[in-house]
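Take a look at the structure below.
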Amino acid sequence: MARTSRHQVYSRRPALPLRVLGFAGRLLLAFAKLSLLAVELVVLAGLCLYYYYGRELDGLEAGIGRHRPAETTQIYARDGQTLLYELVDPQSGRRTVVELGRMPKALRDATISVEDANFYENPGVDLRGIVRAMLQNYQSQEVVSGASTITQQLVRNVLLPPEERTAVSFERKLREAILAFKVSQKYSKDQILGLYLNEVYYGAQAYGVEAAAQTYFGKHVWELNTAEATLIAGLPQSPTMLNPLTNLEAAKARQKVTLGLMVKFGYLTTAEARATYAAPLNFVPQQPSLIAPHFVFYVRQLLEQRYGPDVLYRGGLRVVTSLDLHWQAEAERVVRARIAELRARNATNAGVIMLSPEGQVLAMVGSVDYKDTSIDGEVNVTLAPRQPGSALKPVVYAAAMRRGWTPATVLWDTPTEFKLADGTVYAPHNYDDSWHGPQRLRMALANSLNIPAVRAMEFVGVNAFVEQAHALGITTLNDTSAYGLALVLGAGEVRLLDLTNVYNTLRNAGYRRDPTPILKVTNSRGEVLENITEAPGHQELGDHGEQIAYLLTDILSDNVARQYMFGPGNVMELPDGRPAAVKTGTSNDWRDSWALGYTRDVTIGVWVGNSDGAPMQEVAGVNGAGTIWRDLMDNYHAGRPILPFPEPPGITDVAICTDTGALASDACANQLKEHFVAGTEPQNSDVFFKTVKVAGDGSCLAASYSPPAEVREQRFPVYPAQFQEWAVAQGVPQAPTQYCPPPSNTPNATLAQISSPASGAAITDTQVLVRGTARGGYTLDWASAAKPDAWQPLGEGALGVLDGILGVWRTTGLPAGEYILRLRIMTPEGLPIETKTAVRIVH
């Protein structure tokens with residue numbers, strides 16, 4: 001056996017390891033190839049998944065740019081600053097979008113630290129963040145960091161359907177990641193962050209950072225300090241559990257985590273974080289604002305009609321209304337005070353509308369107390385139809401003036417029965433149960449007389465009256481077949497808001513401007529959707545509308561005219577002689593009390609009553625609604641100049657006879673100047689003087705036999721035939737119609753006298769000469785005293801006889817007994833005069 005050398009042995013020993021190494025190398029190479037293949041397969045699978053799911057998601061990322069988060073609509077007073085109400089959709093919560101540049105840097109930094117530290121570097125999906133979140137949650141034994149990036153959260157809330165957002169599945173996470181990547185490629189990081197901070201939920205119905213700032217601290221987001229901003233930034237992890245108003249300890253613990261992450265990522269120093277955490281937090285929970293609830297909900301109704309519920313509750317409208325906070329509060333105060341006084345007379349509720357000349361709603365009091373269920377306080381009585389009593393009368397006179405009537409047109413206030421189409425009889429009465437004879441239209445309207453108003457309604461017609469009412473602003477009274485003449489006295493139902501608008505239309509010279517509660521509406525992008533314009537409105541009183549409106553205004557503000565019924569110093573007179581056109585109304589059984597009127601500055605309408613329509617105890621327009629109207633007018637005009645109502649062109653002034661409304665004449669004792677639409681003024685007088693000769697005490701006409709010393713001429717006013725009876729009743733001197741009787745103390749003045757036979761004479765002759773005097777044509781006759789009406793002719797003459805024979809009485813065949821001789825004459829004035837003599841025939 002050959003000996004083996006040491007060299008040989010040494011050189012042969014490595015042979016086995018080389019083979020092993022070779023095998024290991026080959027194995028490693030194979031593993032590397034397999035790993036590469038696996039990576040390629042993973043990448044390929046990822047690409048396949050990306051393109052598989054990406055195809056159905058193509059273009060979906062563009063929805064981020066089109067997305068408009070639901071924002072709450074905010075309704076403000078006319079100052080544009082005082083929030084009256086915020087319309088919060090229960091499904092969408094409260095939200096107001098704010099630009100990223102207005103958000104505090106501390107809030108942005110804190111959000112990035114706690115939600116997505118690599119936000120500005122990652123492509124929308126952060127694998128390292130997922131791993132880091134897992135480690136942080138494990139180390140803290142609680143959820144302190146989420147695995148989803150800010151972009152993924154935004155995608156989940158905006159682009160994924162609601163049913164998929166909360167799904168726990170690989171497919172959802174994959175779709176979310178793909179969309180996040182696509183969004184990151186299309187939009188800048190600041191765009192994404194701004195959308196996220198306006199979208200994310202912070203609890204307590206607050207969506208977005210502005211709503212959160214208002215909800216928790218009562219301030220705008222740009223007013224937050226660092227402590228407030230960092231507290232808010234941590235809330236989205238668990239908004240309900242971390243609500244600082246209900247769980248401050250948990251919210252502070254979350255803030256501590258947020259501050260720690262800000263220190264870790266270099267946004268704060270440790271000292272700054274500690275100071276921030278220790279800083280006091282002044283929570284100012286936002287109380288739901290609801291000022292002037294009836295007005296707010298009226299505005300809400302109008303907005304929903306114009307824009308629809310989706311835009312109203314989700315469109316983030318900013319609505320500036322016409323409401324004047326001062327006058328709203330003042331109207332509420334006056335209403336409460338007066339109703340407190342009237343409760344003893346069973347008046348429990350009231351409503352007020354205040355309109356500017358432009359029709360802007362300055363105040364709307366819908367009830368004494370919105371929360372008082374005993375009076376149905378939530379019901380807005382300014383929009384509830386009620387019977388207006390006499391407050392509609394200006395409408396019928398407006399319609400009549402358009403058809404030729406004037407303030408001097410005379411209407412008879414006398415007991416009248418109006419036969420209706422159904423055969424029934426309508427017999428209205430006045431408020432005072434009295435009748436006032438002929439009344440000019442001015443007096444009839446100023447004193448609210450009922451019979452003249454019904455006569456005007458009969459003249460105009462129900463249909464024309466309703467058309468005029470609608471034209472001036474009434475929105476009810478839509479079934480004309482249901483109404484009759486009584487409609488002018490309040491038999492229909494109208495809304496206080498509408499009737500106040502009618503009076504505002506009169507104040508505006510007949511130009512209608514409907515009530516405007518909204519001055520400006522903008523959407524969440526600041527685009528103006530509507531803005532009030534000062535349009536003059538449409539003329540609703542015809543070709544002479546300005547003149548007719550002025551005449552009605554002049555009548556309704558005539559304090560002298562209305563004193564006839566209401567007396568001086570009544571509730572409709574404002575201090576210092578300030579002109580105010582006003583009308584009151586009272587419905588049947590004292591159920592409704594109204595007062596509506598205007599000055600140059602404002603129009604105010606008031607209703608007083610009970611929501612259930614129960615009668616009050618003698619609360620009329622004057623002592624109910626009128627007192628509220630007066631108080632508000634006094635307060636509104638304090639310190640304001642006294643302004644008369646301007647007279648438009650086309651008005652003429654003419655002196656009229658106040659008794660008949662015709663052109664004044666010397667014969668009319670009562671005269672005044674009246675306004676007319678040019679061309680409608682009276683052209684003729686209907687009262688004139690009649691001159692007659694009187695005698696005696698002047699109450700009888702002078703006759704031919706009247707003593708010349710007593711005869712004199714006297715003038716008497718003569719009224720038209722239809723006024724004669726009234727004139728007599730009023731004591732107007734009337735021309736006598738009867739001649740004075742003959743004087744008895746002057747012989748020469750004897751007109752008819754039988755001198756023979758003498759009275760009581762005994763007649764024995766069969767032929768008797770009757771002698772005497774007859775100053776004019778005469779007849780002579782006789783009759784038996786037993787039959788004094790059976791006169792027999794005895795003689796006559798066309799000419800007078802002076803102490804001569806008047807006739808021959810043949811008594812042959814007449815039985816003895818008492819007889820009467822009668823002499824009759826006719827004076828030149830046509831006055832019959834007679835004399836009688838009794839005689840006795842004897843045989």
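How things are named: the first chain in the structure tokens is A, the next is B, and so on; residues count from 1 in each chain; ligands count from 1 in the order shown.
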Which residues of region 367-390 of chain A come within 9 Å of region 572-584 of chain A, and what is each one's closest atom pair and distance in Å (one decimal), counting only C-alpha atoms, sorted by chain and residue number, as a Markdown table?
| residue | atom | partner | partner_atom | distance |
| --- | --- | --- | --- | --- |
| A:Pro388 | CA | A:Thr584 | CA | 8.9 |
| A:Gly389 | CA | A:Thr584 | CA | 8.2 |
| A:Ser390 | CA | A:Thr584 | CA | 6.7 |
Those residues you just picked out, can you put them in a file as a CSV table (one decimal), in the first residue's frame with C-alpha atoms?
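Saved as part07.csv:
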chain,number,residue,atom,x,y,z
A,388,PRO,CA,-110.8,91.3,9.2
A,389,GLY,CA,-114.0,93.1,10.1
A,390,SER,CA,-114.0,96.7,8.7
### Query
Which polymer residues have any atom within 8 Å of an atom of Leu472 (chain A), counting only C-alpha atoms, with same-chain residues fewer than 2 positions away left out, as a ChimeraX atom specification?
/A:468-470,474,501-502,505,510,512,540
### Message
Going by DSSP on the backbone, which residues of region 600-653 of chain A come out as helix (DSSP H, G or I)? List them as a list in words.
### Response
Ala625, Gly626, Thr627, Ile628, Trp629, Arg630, Asp631, Leu632, Met633, Asp634, Asn635, Tyr636 and His637 of chain A
#### Entry: Given only C-alpha atoms as the counted atoms, nearest of A:Val320, A:Leu179, A:Val334, A:Val711 to Leu519 (chain A)
A:Val320
#### Entry: Backbone DSSP call of strand (DSSP E or B) for region 383-574 of chain A, listed as a PyMOL selection string
chain A and resi 386+410-413+418-419+425-426+437-440+494+511-512+516+518-522+528-531+538-539
Write out as a JSON list (two decimals) with all heavy atoms, in the first residue's frame each polymer residue whose atoms come within 9 Å of region 103-112 of chain A, counting only C-alpha atoms; drop sequence neighbours fewer than 2 positions from it.
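Generated file (around.json):
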[["chain", "number", "residue", "atom", "x", "y", "z"],
["A", 98, "VAL", "N", -64.48, 76.05, 4.96],
["A", 98, "VAL", "CA", -63.52, 77.13, 5.14],
["A", 98, "VAL", "C", -62.28, 76.81, 4.30],
["A", 98, "VAL", "O", -61.86, 75.65, 4.22],
["A", 98, "VAL", "CB", -63.13, 77.29, 6.63],
["A", 98, "VAL", "CG1", -62.06, 78.34, 6.80],
["A", 98, "VAL", "CG2", -64.35, 77.63, 7.46],
["A", 99, "GLU", "N", -61.69, 77.81, 3.69],
["A", 99, "GLU", "CA", -60.48, 77.60, 2.90],
["A", 99, "GLU", "C", -59.33, 77.16, 3.82],
["A", 99, "GLU", "O", -59.24, 77.60, 4.97],
["A", 99, "GLU", "CB", -60.10, 78.88, 2.17],
["A", 99, "GLU", "CG", -61.11, 79.30, 1.11],
["A", 99, "GLU", "CD", -60.70, 80.59, 0.43],
["A", 99, "GLU", "OE1", -59.66, 81.16, 0.83],
["A", 99, "GLU", "OE2", -61.43, 81.03, -0.47],
["A", 100, "LEU", "N", -58.45, 76.34, 3.26],
["A", 100, "LEU", "CA", -57.32, 75.82, 4.04],
["A", 100, "LEU", "C", -56.46, 76.96, 4.60],
["A", 100, "LEU", "O", -55.98, 76.88, 5.73],
["A", 100, "LEU", "CB", -56.46, 74.89, 3.17],
["A", 100, "LEU", "CG", -55.26, 74.24, 3.86],
["A", 100, "LEU", "CD1", -55.73, 73.28, 4.94],
["A", 100, "LEU", "CD2", -54.37, 73.53, 2.85],
["A", 101, "GLY", "N", -56.29, 78.01, 3.84],
["A", 101, "GLY", "CA", -55.45, 79.12, 4.26],
["A", 101, "GLY", "C", -55.97, 79.83, 5.50],
["A", 101, "GLY", "O", -55.21, 80.54, 6.18],
["A", 114, "VAL", "N", -51.15, 63.26, 13.72],
["A", 114, "VAL", "CA", -51.91, 62.19, 14.33],
["A", 114, "VAL", "C", -52.58, 61.29, 13.30],
["A", 114, "VAL", "O", -52.93, 60.14, 13.62],
["A", 114, "VAL", "CB", -52.96, 62.79, 15.30],
["A", 114, "VAL", "CG1", -54.15, 63.37, 14.54],
["A", 114, "VAL", "CG2", -53.41, 61.76, 16.32],
["A", 115, "GLU", "N", -52.73, 61.78, 12.07],
["A", 115, "GLU", "CA", -53.44, 60.99, 11.08],
["A", 115, "GLU", "C", -52.55, 60.45, 9.97],
["A", 115, "GLU", "O", -52.77, 59.35, 9.45],
["A", 115, "GLU", "CB", -54.57, 61.83, 10.44],
["A", 115, "GLU", "CG", -55.66, 62.26, 11.40],
["A", 115, "GLU", "CD", -56.50, 61.09, 11.89],
["A", 115, "GLU", "OE1", -56.46, 60.01, 11.25],
["A", 115, "GLU", "OE2", -57.17, 61.23, 12.92],
["A", 116, "ASP", "N", -51.51, 61.21, 9.57],
["A", 116, "ASP", "CA", -50.74, 60.80, 8.40],
["A", 116, "ASP", "C", -49.43, 61.57, 8.38],
["A", 116, "ASP", "O", -49.28, 62.58, 7.69],
["A", 116, "ASP", "CB", -51.56, 61.08, 7.14],
["A", 116, "ASP", "CG", -50.93, 60.50, 5.88],
["A", 116, "ASP", "OD1", -49.85, 59.91, 5.97],
["A", 116, "ASP", "OD2", -51.56, 60.65, 4.81],
["A", 117, "ALA", "N", -48.43, 61.08, 9.15],
["A", 117, "ALA", "CA", -47.18, 61.83, 9.33],
["A", 117, "ALA", "C", -46.44, 62.05, 8.02],
["A", 117, "ALA", "O", -45.75, 63.05, 7.85],
["A", 117, "ALA", "CB", -46.28, 61.10, 10.32],
["A", 118, "ASN", "N", -46.56, 61.10, 7.06],
["A", 118, "ASN", "CA", -45.86, 61.23, 5.78],
["A", 118, "ASN", "C", -46.78, 61.77, 4.68],
["A", 118, "ASN", "O", -46.59, 61.49, 3.50],
["A", 118, "ASN", "CB", -45.31, 59.86, 5.35],
["A", 118, "ASN", "CG", -44.24, 59.36, 6.30],
["A", 118, "ASN", "OD1", -43.42, 60.14, 6.77],
["A", 118, "ASN", "ND2", -44.27, 58.06, 6.61],
["A", 119, "PHE", "N", -47.78, 62.53, 5.09],
["A", 119, "PHE", "CA", -48.82, 62.98, 4.15],
["A", 119, "PHE", "C", -48.21, 63.65, 2.92],
["A", 119, "PHE", "O", -48.61, 63.36, 1.79],
["A", 119, "PHE", "CB", -49.77, 63.93, 4.88],
["A", 119, "PHE", "CG", -50.74, 64.63, 3.96],
["A", 119, "PHE", "CD1", -51.78, 63.93, 3.35],
["A", 119, "PHE", "CD2", -50.61, 65.99, 3.69],
["A", 119, "PHE", "CE1", -52.67, 64.57, 2.51],
["A", 119, "PHE", "CE2", -51.49, 66.64, 2.85],
["A", 119, "PHE", "CZ", -52.53, 65.93, 2.25],
["A", 120, "TYR", "N", -47.28, 64.55, 3.14],
["A", 120, "TYR", "CA", -46.74, 65.31, 2.02],
["A", 120, "TYR", "C", -45.74, 64.51, 1.18],
["A", 120, "TYR", "O", -45.31, 64.97, 0.13],
["A", 120, "TYR", "CB", -46.09, 66.61, 2.52],
["A", 120, "TYR", "CG", -47.12, 67.70, 2.79],
["A", 120, "TYR", "CD1", -47.53, 67.98, 4.08],
["A", 120, "TYR", "CD2", -47.68, 68.43, 1.74],
["A", 120, "TYR", "CE1", -48.48, 68.96, 4.33],
["A", 120, "TYR", "CE2", -48.62, 69.41, 1.98],
["A", 120, "TYR", "CZ", -49.02, 69.68, 3.27],
["A", 120, "TYR", "OH", -49.96, 70.65, 3.50],
["A", 150, "ILE", "N", -54.50, 60.24, 5.19],
["A", 150, "ILE", "CA", -55.53, 61.27, 5.06],
["A", 150, "ILE", "C", -56.25, 61.14, 3.73],
["A", 150, "ILE", "O", -57.48, 61.28, 3.64],
["A", 150, "ILE", "CB", -54.90, 62.67, 5.22],
["A", 150, "ILE", "CG1", -54.55, 62.91, 6.70],
["A", 150, "ILE", "CG2", -55.80, 63.76, 4.68],
["A", 150, "ILE", "CD1", -53.80, 64.20, 6.97],
["A", 193, "LEU", "N", -55.82, 68.08, 1.70],
["A", 193, "LEU", "CA", -55.91, 68.39, 3.13],
["A", 193, "LEU", "C", -57.09, 69.32, 3.42],
["A", 193, "LEU", "O", -57.82, 69.13, 4.40],
["A", 193, "LEU", "CB", -54.61, 69.03, 3.62],
["A", 193, "LEU", "CG", -54.54, 69.35, 5.12],
["A", 193, "LEU", "CD1", -54.72, 68.08, 5.94],
["A", 193, "LEU", "CD2", -53.22, 70.04, 5.45],
["A", 194, "GLY", "N", -57.28, 70.32, 2.56],
["A", 194, "GLY", "CA", -58.40, 71.23, 2.75],
["A", 194, "GLY", "C", -59.74, 70.51, 2.67],
["A", 194, "GLY", "O", -60.65, 70.75, 3.48],
["A", 197, "LEU", "N", -60.20, 68.34, 5.92],
["A", 197, "LEU", "CA", -60.52, 69.09, 7.14],
["A", 197, "LEU", "C", -61.92, 69.67, 7.10],
["A", 197, "LEU", "O", -62.49, 69.98, 8.15],
["A", 197, "LEU", "CB", -59.48, 70.20, 7.35],
["A", 197, "LEU", "CG", -58.09, 69.70, 7.76],
["A", 197, "LEU", "CD1", -57.08, 70.84, 7.76],
["A", 197, "LEU", "CD2", -58.13, 69.03, 9.13],
["A", 209, "VAL", "N", -63.85, 71.42, 10.34],
["A", 209, "VAL", "CA", -63.21, 72.10, 11.46],
["A", 209, "VAL", "C", -63.95, 73.38, 11.87],
["A", 209, "VAL", "O", -63.92, 73.75, 13.04],
["A", 209, "VAL", "CB", -61.74, 72.43, 11.12],
["A", 209, "VAL", "CG1", -60.91, 71.15, 11.07],
["A", 209, "VAL", "CG2", -61.64, 73.18, 9.80],
["A", 210, "GLU", "N", -64.61, 74.06, 10.93],
["A", 210, "GLU", "CA", -65.33, 75.27, 11.32],
["A", 210, "GLU", "C", -66.50, 74.92, 12.23],
["A", 210, "GLU", "O", -66.73, 75.58, 13.25],
["A", 210, "GLU", "CB", -65.82, 76.01, 10.07],
["A", 210, "GLU", "CG", -66.78, 77.16, 10.34],
["A", 210, "GLU", "CD", -66.17, 78.33, 11.10],
["A", 210, "GLU", "OE1", -64.93, 78.34, 11.32],
["A", 210, "GLU", "OE2", -66.92, 79.24, 11.49],
["A", 221, "VAL", "N", -62.87, 78.93, 13.18],
["A", 221, "VAL", "CA", -61.68, 78.06, 13.22],
["A", 221, "VAL", "C", -60.40, 78.88, 13.20],
["A", 221, "VAL", "O", -59.41, 78.50, 13.84],
["A", 221, "VAL", "CB", -61.72, 77.06, 12.05],
["A", 221, "VAL", "CG1", -61.65, 77.75, 10.70],
["A", 221, "VAL", "CG2", -60.60, 76.02, 12.18],
["A", 222, "TRP", "N", -60.40, 80.00, 12.48],
["A", 222, "TRP", "CA", -59.18, 80.80, 12.41],
["A", 222, "TRP", "C", -58.90, 81.54, 13.71],
["A", 222, "TRP", "O", -57.85, 82.15, 13.87],
["A", 222, "TRP", "CB", -59.25, 81.78, 11.24],
["A", 222, "TRP", "CG", -60.47, 82.67, 11.22],
["A", 222, "TRP", "CD1", -60.65, 83.85, 11.86],
["A", 222, "TRP", "CD2", -61.69, 82.40, 10.51],
["A", 222, "TRP", "NE1", -61.89, 84.35, 11.61],
["A", 222, "TRP", "CE2", -62.56, 83.50, 10.77],
["A", 222, "TRP", "CE3", -62.12, 81.37, 9.70],
["A", 222, "TRP", "CZ2", -63.83, 83.56, 10.24],
["A", 222, "TRP", "CZ3", -63.39, 81.44, 9.16],
["A", 222, "TRP", "CH2", -64.24, 82.52, 9.43],
["A", 223, "GLU", "N", -59.83, 81.47, 14.64],
["A", 223, "GLU", "CA", -59.63, 82.11, 15.95],
["A", 223, "GLU", "C", -59.13, 81.13, 17.00],
["A", 223, "GLU", "O", -58.88, 81.52, 18.15],
["A", 223, "GLU", "CB", -60.95, 82.74, 16.43],
["A", 223, "GLU", "CG", -61.48, 83.83, 15.51],
["A", 223, "GLU", "CD", -62.87, 84.31, 15.89],
["A", 223, "GLU", "OE1", -63.65, 83.50, 16.43],
["A", 223, "GLU", "OE2", -63.17, 85.49, 15.65],
["A", 224, "LEU", "N", -58.96, 79.86, 16.66],
["A", 224, "LEU", "CA", -58.52, 78.85, 17.62],
["A", 224, "LEU", "C", -57.07, 79.09, 18.02],
["A", 224, "LEU", "O", -56.22, 79.41, 17.19],
["A", 224, "LEU", "CB", -58.67, 77.45, 17.03],
["A", 224, "LEU", "CG", -60.09, 76.96, 16.71],
["A", 224, "LEU", "CD1", -60.02, 75.59, 16.04],
["A", 224, "LEU", "CD2", -60.93, 76.90, 17.98],
["A", 225, "ASN", "N", -56.78, 78.87, 19.30],
["A", 225, "ASN", "CA", -55.38, 78.88, 19.72],
["A", 225, "ASN", "C", -54.82, 77.46, 19.59],
["A", 225, "ASN", "O", -55.53, 76.51, 19.21],
["A", 225, "ASN", "CB", -55.23, 79.42, 21.15],
["A", 225, "ASN", "CG", -56.04, 78.62, 22.16],
["A", 225, "ASN", "OD1", -56.11, 77.39, 22.07],
["A", 225, "ASN", "ND2", -56.62, 79.30, 23.14],
["A", 226, "THR", "N", -53.55, 77.29, 19.94],
["A", 226, "THR", "CA", -52.90, 76.00, 19.73],
["A", 226, "THR", "C", -53.52, 74.91, 20.57],
["A", 226, "THR", "O", -53.71, 73.77, 20.11],
["A", 226, "THR", "CB", -51.40, 76.12, 20.04],
["A", 226, "THR", "OG1", -50.82, 77.14, 19.20],
["A", 226, "THR", "CG2", -50.68, 74.80, 19.78],
["A", 227, "ALA", "N", -53.87, 75.23, 21.81],
["A", 227, "ALA", "CA", -54.47, 74.21, 22.68],
["A", 227, "ALA", "C", -55.81, 73.75, 22.12],
["A", 227, "ALA", "O", -56.11, 72.54, 22.08],
["A", 227, "ALA", "CB", -54.65, 74.78, 24.08],
["A", 228, "GLU", "N", -56.61, 74.68, 21.67],
["A", 228, "GLU", "CA", -57.92, 74.32, 21.11],
["A", 228, "GLU", "C", -57.77, 73.54, 19.81],
["A", 228, "GLU", "O", -58.47, 72.55, 19.57],
["A", 228, "GLU", "CB", -58.73, 75.60, 20.88],
["A", 228, "GLU", "CG", -59.08, 76.34, 22.17],
["A", 228, "GLU", "CD", -59.51, 77.77, 21.95],
["A", 228, "GLU", "OE1", -59.25, 78.31, 20.85],
["A", 228, "GLU", "OE2", -60.11, 78.36, 22.87],
["A", 229, "ALA", "N", -56.82, 73.98, 18.97],
["A", 229, "ALA", "CA", -56.62, 73.32, 17.68],
["A", 229, "ALA", "C", -56.14, 71.89, 17.85],
["A", 229, "ALA", "O", -56.61, 70.97, 17.16],
["A", 229, "ALA", "CB", -55.62, 74.12, 16.85],
["A", 230, "THR", "N", -55.20, 71.67, 18.78],
["A", 230, "THR", "CA", -54.68, 70.31, 18.96],
["A", 230, "THR", "C", -55.71, 69.39, 19.61],
["A", 230, "THR", "O", -55.70, 68.18, 19.38],
["A", 230, "THR", "CB", -53.40, 70.35, 19.81],
["A", 230, "THR", "OG1", -53.66, 71.03, 21.05],
["A", 230, "THR", "CG2", -52.29, 71.08, 19.06],
["A", 231, "LEU", "N", -56.59, 69.95, 20.43],
["A", 231, "LEU", "CA", -57.65, 69.12, 21.00],
["A", 231, "LEU", "C", -58.60, 68.65, 19.89],
["A", 231, "LEU", "O", -58.95, 67.48, 19.80],
["A", 231, "LEU", "CB", -58.43, 69.90, 22.05],
["A", 231, "LEU", "CG", -59.54, 69.07, 22.70],
["A", 231, "LEU", "CD1", -59.00, 68.32, 23.91],
["A", 231, "LEU", "CD2", -60.72, 69.94, 23.11],
["A", 232, "ILE", "N", -58.99, 69.59, 19.04],
["A", 232, "ILE", "CA", -59.92, 69.25, 17.96],
["A", 232, "ILE", "C", -59.29, 68.26, 17.00],
["A", 232, "ILE", "O", -59.96, 67.33, 16.52],
["A", 232, "ILE", "CB", -60.35, 70.54, 17.23],
["A", 232, "ILE", "CG1", -61.36, 71.31, 18.08],
["A", 232, "ILE", "CG2", -60.96, 70.22, 15.86],
["A", 232, "ILE", "CD1", -61.80, 72.63, 17.47],
["A", 233, "ALA", "N", -58.01, 68.40, 16.72],
["A", 233, "ALA", "CA", -57.35, 67.54, 15.73],
["A", 233, "ALA", "C", -57.42, 66.07, 16.10],
["A", 233, "ALA", "O", -57.42, 65.20, 15.22],
["A", 233, "ALA", "CB", -55.90, 67.97, 15.55],
["A", 234, "GLY", "N", -57.47, 65.75, 17.39],
["A", 234, "GLY", "CA", -57.48, 64.35, 17.79],
["A", 234, "GLY", "C", -58.85, 63.71, 17.83],
["A", 234, "GLY", "O", -58.95, 62.49, 18.02],
["A", 258, "THR", "N", -51.68, 63.46, 20.61],
["A", 258, "THR", "CA", -51.47, 64.33, 19.45],
["A", 258, "THR", "C", -50.25, 65.21, 19.66],
["A", 258, "THR", "O", -49.39, 65.34, 18.76],
["A", 258, "THR", "CB", -52.72, 65.22, 19.22],
["A", 258, "THR", "OG1", -53.86, 64.39, 19.00],
["A", 258, "THR", "CG2", -52.52, 66.15, 18.04],
["A", 259, "LEU", "N", -50.13, 65.80, 20.84],
["A", 259, "LEU", "CA", -48.98, 66.66, 21.11],
["A", 259, "LEU", "C", -47.68, 65.86, 21.09],
["A", 259, "LEU", "O", -46.64, 66.34, 20.61],
["A", 259, "LEU", "CB", -49.17, 67.35, 22.46],
["A", 259, "LEU", "CG", -50.30, 68.40, 22.51],
["A", 259, "LEU", "CD1", -50.55, 68.82, 23.95],
["A", 259, "LEU", "CD2", -49.92, 69.61, 21.65],
["A", 261, "LEU", "N", -47.01, 63.23, 19.29],
["A", 261, "LEU", "CA", -46.65, 62.98, 17.88],
["A", 261, "LEU", "C", -46.13, 64.25, 17.22],
["A", 261, "LEU", "O", -45.23, 64.19, 16.37],
["A", 261, "LEU", "CB", -47.86, 62.44, 17.14],
["A", 261, "LEU", "CG", -48.31, 61.05, 17.55],
["A", 261, "LEU", "CD1", -49.65, 60.69, 16.90],
["A", 261, "LEU", "CD2", -47.25, 60.01, 17.17],
["A", 262, "MET", "N", -46.67, 65.40, 17.59],
["A", 262, "MET", "CA", -46.17, 66.65, 17.03],
["A", 262, "MET", "C", -44.73, 66.91, 17.45],
["A", 262, "MET", "O", -43.92, 67.43, 16.66],
["A", 262, "MET", "CB", -47.07, 67.82, 17.45],
["A", 262, "MET", "CG", -48.48, 67.76, 16.86],
["A", 262, "MET", "SD", -49.51, 69.15, 17.36],
["A", 262, "MET", "CE", -48.79, 70.47, 16.37],
["A", 267, "TYR", "N", -42.89, 69.29, 14.94],
["A", 267, "TYR", "CA", -43.78, 70.45, 14.84],
["A", 267, "TYR", "C", -43.76, 71.29, 16.11],
["A", 267, "TYR", "O", -44.04, 72.49, 16.07],
["A", 267, "TYR", "CB", -45.21, 70.01, 14.54],
["A", 267, "TYR", "CG", -45.38, 69.38, 13.18],
["A", 267, "TYR", "CD1", -45.63, 68.02, 13.04],
["A", 267, "TYR", "CD2", -45.30, 70.17, 12.03],
["A", 267, "TYR", "CE1", -45.80, 67.44, 11.80],
["A", 267, "TYR", "CE2", -45.47, 69.59, 10.77],
["A", 267, "TYR", "CZ", -45.72, 68.23, 10.66],
["A", 267, "TYR", "OH", -45.87, 67.67, 9.41]]
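Coordinates place CA of Thr811 (chain A) at a distance of 8.7 Å from CA of Ile763 (chain A).
Look at Gly661 (chain A): the protein and nucleic acid residues within 9 Å of it, using only C-alpha atoms and passing over chain neighbours fewer than 4 places away, are Pro407, Ala408, Thr409, Val410, Gln439, Arg440, Ile656, Cys657, Pro682, Ser685 and Asp686 of chain A.
Shortest atom-to-atom contact with Ser481 (chain A) among A:Asn463, A:Thr276, A:Ser434, A:Thr627: A:Asn463, counting only C-alpha atoms.
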#### Entry: Between CA of Ile353 (chain A) and CA of Ala595 (chain A) - distance in Å to one decimal
10.8 Å
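Considering the residues A:Pro394, A:Gly93, A:Gly366, A:Gly473 and counting only C-alpha atoms, Leu556 (chain A) has its shortest atom-to-atom contact with A:Pro394.
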### Query
Which residue gives the smallest distance to Ile651 (chain A) among A:Pro69, A:Pro515, A:Gly731, A:Gly679, with only C-alpha atoms counted?
A:Gly679
### Query
Pick from A:Gln724, A:Thr603, A:Ser756, A:Thr835: nearest to Thr779 (chain A), with only C-alpha atoms counted?
A:Thr835
### Message
Which residues are near region 301-314 of chain A? Cut-off 12 Å, only C-alpha atoms, ignore same chain within fewer than 2 positions. Put them as a PyMOL selection string.
### Response
chain A and resi 68-75+86-97+207+294-299+316-321+515-518+520-524+529-530
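Between CA of Leu325 (chain A) and CA of Leu83 (chain A) the interatomic distance comes to 10.8 Å.
In this comparison, which uses only C-alpha atoms, the residue of A:Ala491, A:Leu362, A:Val284, A:Met241 approaching Phe217 (chain A) most closely is A:Val284.
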### Task
Would you mind listing what lies within 10 Å of Glu330 (chain A) as a ChimeraX atom specification, with only C-alpha atoms counted and same-chain residues fewer than 5 positions away left out?
/A:324-325,335-336,363,631-632,635-636
### Message
Would you pick out the contacts of Pro415 (chain A) at 8 Å or less, using only C-alpha atoms, so that residues sharing its chain but fewer than 3 positions from it are not included, and give the list as a ChimeraX atom specification?
### Response
/A:427,429,435,451
